[in-house]
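Colleague: Before I ask anything, let me first share the structure, which is written out below as structure tokens.
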Amino acid sequence: MIAYDGANEMLSEYLLAALESAHYEIIDDVEPFYGTIPVLKGLWSTGPTLEACRRNLAAALEDWILFSLTRGVDLPEIGGAVLPRPERVAV
């Protein structure tokens with residue numbers, strides 16, 4: 001649980017902004033659809049279809065956010081959306 005007011009709205013806004021900034025391309029691979037969120041270096045996914053790639057990217061994004069918050073890492077602004085680091089994170 002994140003310990004600040006409005007967390008759900010901020011998180012939803014941040015997730016939406018990040019996924020709207022995603023870039024997709026077709027690569028020569030078993031899972032030919034490749035997706036990345038350019039502002040989040042190293043965050044990517046693949047999938048056999050574009051929709052599967054989008055789902056995988058959303059799951060990777062959620063994991064990345066949770067990992068970053070538990071490590072005390074500041075998250076970058078994406079498309080005007082900000083998700084401030086909470087004072088504490090219950091794990």
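Quick note on naming: the chains in the structure tokens go A, B, ... in the order shown, residues restart at 1 in each chain, and ligands are numbered from 1 in order of appearance.
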Which residues are near region 32-37 of chain A? Cut-off 6 Å, only C-alpha atoms, ignore same chain within fewer than 5 positions. Put them as a list of chain:residue names.

Modeller: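 Here the answer would be A:Ala22, A:His23, A:Tyr24, A:Glu25, A:Ile26, A:Ile27, A:Leu43, A:Trp44, A:Ser45, A:Thr46, A:Gly47, A:Pro48, A:Leu50.
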
Colleague: Convert the current residue selection to file output with N, CA, C and O atoms, as a CSV table (one decimal), in the first residue's frame.

Modeller:
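Output file result.csv is given in full below:
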```
chain,number,residue,atom,x,y,z
A,22,ALA,N,4.2,4.6,-25.3
A,22,ALA,CA,4.9,3.4,-25.8
A,22,ALA,C,5.1,3.4,-27.3
A,22,ALA,O,4.4,4.0,-28.1
A,23,HIS,N,6.2,2.8,-27.7
A,23,HIS,CA,6.5,2.6,-29.1
A,23,HIS,C,6.6,1.2,-29.5
A,23,HIS,O,7.2,0.4,-28.7
A,24,TYR,N,6.0,0.8,-30.5
A,24,TYR,CA,5.9,-0.6,-31.0
A,24,TYR,C,6.5,-0.8,-32.3
A,24,TYR,O,6.4,0.1,-33.2
A,25,GLU,N,7.1,-1.9,-32.6
A,25,GLU,CA,7.7,-2.2,-33.9
A,25,GLU,C,7.6,-3.7,-34.1
A,25,GLU,O,7.4,-4.5,-33.1
A,26,ILE,N,7.8,-4.1,-35.3
A,26,ILE,CA,7.9,-5.6,-35.7
A,26,ILE,C,9.3,-5.9,-35.9
A,26,ILE,O,10.0,-5.2,-36.6
A,27,ILE,N,9.8,-7.0,-35.2
A,27,ILE,CA,11.1,-7.4,-35.3
A,27,ILE,C,11.1,-8.9,-35.8
A,27,ILE,O,10.1,-9.5,-35.9
A,43,LEU,N,13.0,-0.9,-20.3
A,43,LEU,CA,11.7,-1.5,-20.1
A,43,LEU,C,11.2,-1.8,-21.5
A,43,LEU,O,11.0,-0.9,-22.3
A,44,TRP,N,10.9,-3.1,-21.7
A,44,TRP,CA,10.5,-3.5,-23.0
A,44,TRP,C,9.7,-4.8,-22.9
A,44,TRP,O,9.7,-5.5,-21.8
A,45,SER,N,9.0,-5.2,-23.9
A,45,SER,CA,8.3,-6.5,-24.0
A,45,SER,C,8.2,-7.0,-25.4
A,45,SER,O,8.4,-6.2,-26.3
A,46,THR,N,7.8,-8.2,-25.5
A,46,THR,CA,7.5,-8.8,-26.9
A,46,THR,C,6.2,-9.6,-26.7
A,46,THR,O,5.7,-9.8,-25.7
A,47,GLY,N,5.7,-10.0,-27.9
A,47,GLY,CA,4.5,-10.8,-27.9
A,47,GLY,C,4.3,-11.3,-29.3
A,47,GLY,O,4.7,-10.8,-30.3
A,48,PRO,N,3.5,-12.4,-29.4
A,48,PRO,CA,3.1,-13.0,-30.7
A,48,PRO,C,2.2,-12.1,-31.5
A,48,PRO,O,2.1,-12.2,-32.7
A,50,LEU,N,0.2,-7.9,-31.4
A,50,LEU,CA,0.4,-6.5,-30.8
A,50,LEU,C,-0.3,-6.4,-29.5
A,50,LEU,O,0.2,-5.9,-28.5
```

Colleague: Identify all residues of chain A in alpha helix (DSSP H) (DSSP on the backbone) and supply them as a ChimeraX atom specification.

Modeller: /A:7-20,50-70

Colleague: Would you save the residues from that selection as a CSV table (one decimal), in the first residue's frame, using N, CA and C atoms?

Modeller:
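Listing of part.csv after writing:
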```
chain,number,residue,atom,x,y,z
A,7,ALA,N,-3.4,8.3,-4.2
A,7,ALA,CA,-2.4,7.3,-4.8
A,7,ALA,C,-3.0,6.6,-6.0
A,8,ASN,N,-4.3,6.1,-5.9
A,8,ASN,CA,-4.9,5.4,-7.0
A,8,ASN,C,-5.0,6.2,-8.3
A,9,GLU,N,-5.4,7.5,-8.1
A,9,GLU,CA,-5.6,8.4,-9.3
A,9,GLU,C,-4.2,8.7,-9.9
A,10,MET,N,-3.2,9.0,-9.1
A,10,MET,CA,-1.9,9.3,-9.6
A,10,MET,C,-1.3,8.0,-10.3
A,11,LEU,N,-1.5,6.9,-9.7
A,11,LEU,CA,-1.0,5.7,-10.3
A,11,LEU,C,-1.6,5.4,-11.7
A,12,SER,N,-3.0,5.5,-11.7
A,12,SER,CA,-3.7,5.3,-13.0
A,12,SER,C,-3.3,6.3,-14.0
A,13,GLU,N,-3.1,7.5,-13.7
A,13,GLU,CA,-2.7,8.6,-14.6
A,13,GLU,C,-1.3,8.3,-15.1
A,14,TYR,N,-0.4,7.8,-14.2
A,14,TYR,CA,1.0,7.5,-14.6
A,14,TYR,C,1.0,6.3,-15.6
A,15,LEU,N,0.3,5.3,-15.2
A,15,LEU,CA,0.3,4.1,-16.1
A,15,LEU,C,-0.2,4.4,-17.5
A,16,LEU,N,-1.3,5.2,-17.5
A,16,LEU,CA,-1.9,5.6,-18.8
A,16,LEU,C,-1.0,6.4,-19.6
A,17,ALA,N,-0.3,7.4,-19.0
A,17,ALA,CA,0.6,8.3,-19.7
A,17,ALA,C,1.8,7.4,-20.2
A,18,ALA,N,2.3,6.5,-19.4
A,18,ALA,CA,3.4,5.7,-19.9
A,18,ALA,C,3.0,4.8,-21.0
A,19,LEU,N,1.9,4.2,-20.9
A,19,LEU,CA,1.5,3.3,-22.0
A,19,LEU,C,1.1,4.0,-23.3
A,20,GLU,N,0.6,5.3,-23.1
A,20,GLU,CA,0.3,6.1,-24.3
A,20,GLU,C,1.6,6.5,-25.0
A,50,LEU,N,0.2,-7.9,-31.4
A,50,LEU,CA,0.4,-6.5,-30.8
A,50,LEU,C,-0.3,-6.4,-29.5
A,51,GLU,N,-1.5,-7.0,-29.4
A,51,GLU,CA,-2.3,-6.9,-28.1
A,51,GLU,C,-1.5,-7.7,-27.0
A,52,ALA,N,-0.9,-8.8,-27.3
A,52,ALA,CA,-0.2,-9.6,-26.3
A,52,ALA,C,1.1,-8.8,-25.9
A,53,CYS,N,1.7,-8.1,-26.8
A,53,CYS,CA,2.8,-7.3,-26.5
A,53,CYS,C,2.4,-6.1,-25.6
A,54,ARG,N,1.3,-5.5,-25.9
A,54,ARG,CA,0.8,-4.4,-25.0
A,54,ARG,C,0.5,-4.9,-23.6
A,55,ARG,N,-0.1,-6.1,-23.5
A,55,ARG,CA,-0.4,-6.6,-22.1
A,55,ARG,C,0.9,-6.9,-21.4
A,56,ASN,N,1.9,-7.5,-22.1
A,56,ASN,CA,3.2,-7.8,-21.5
A,56,ASN,C,3.9,-6.5,-21.1
A,57,LEU,N,3.8,-5.5,-21.9
A,57,LEU,CA,4.4,-4.2,-21.6
A,57,LEU,C,3.8,-3.6,-20.3
A,58,ALA,N,2.4,-3.6,-20.2
A,58,ALA,CA,1.7,-3.1,-19.1
A,58,ALA,C,2.2,-3.9,-17.8
A,59,ALA,N,2.3,-5.2,-17.9
A,59,ALA,CA,2.7,-6.0,-16.7
A,59,ALA,C,4.1,-5.6,-16.3
A,60,ALA,N,5.0,-5.4,-17.3
A,60,ALA,CA,6.4,-5.1,-17.0
A,60,ALA,C,6.5,-3.7,-16.4
A,61,LEU,N,5.6,-2.8,-16.9
A,61,LEU,CA,5.6,-1.4,-16.3
A,61,LEU,C,5.1,-1.4,-14.9
A,62,GLU,N,4.1,-2.2,-14.6
A,62,GLU,CA,3.7,-2.3,-13.2
A,62,GLU,C,4.8,-2.9,-12.3
A,63,ASP,N,5.5,-3.9,-12.7
A,63,ASP,CA,6.6,-4.5,-12.0
A,63,ASP,C,7.7,-3.4,-11.8
A,64,TRP,N,8.0,-2.7,-12.8
A,64,TRP,CA,9.0,-1.7,-12.8
A,64,TRP,C,8.7,-0.6,-11.8
A,65,ILE,N,7.4,-0.1,-11.8
A,65,ILE,CA,7.0,0.9,-10.8
A,65,ILE,C,7.1,0.4,-9.4
A,66,LEU,N,6.6,-0.8,-9.1
A,66,LEU,CA,6.7,-1.3,-7.8
A,66,LEU,C,8.1,-1.5,-7.3
A,67,PHE,N,8.9,-2.1,-8.2
A,67,PHE,CA,10.3,-2.3,-7.8
A,67,PHE,C,11.0,-0.9,-7.5
A,68,SER,N,10.8,0.1,-8.4
A,68,SER,CA,11.4,1.4,-8.2
A,68,SER,C,10.9,2.0,-6.9
A,69,LEU,N,9.6,2.0,-6.6
A,69,LEU,CA,9.1,2.6,-5.4
A,69,LEU,C,9.7,1.9,-4.1
A,70,THR,N,9.8,0.6,-4.1
A,70,THR,CA,10.3,-0.1,-3.0
A,70,THR,C,11.8,0.1,-2.8
```

Colleague: Enumerate the residues of chain A with a DSSP assignment of strand (DSSP E or B), computed from the backbone, and present them as number ranges by chain.

Modeller: A: 2, 23-26, 33-36, 44-47, 78, 81, 89

Colleague: Can you tell me which residues surround Leu75 (chain A) at a distance of at most 8 Å, considering only C-alpha atoms, apart from same-chain residues fewer than 2 positions away, and format the answer as a count of residues only?

Modeller: 8

Colleague: Record the distance separating CA of Arg71 (chain A) and CA of Leu40 (chain A), expressed in Å with one decimal.

Modeller: 15.9 Å
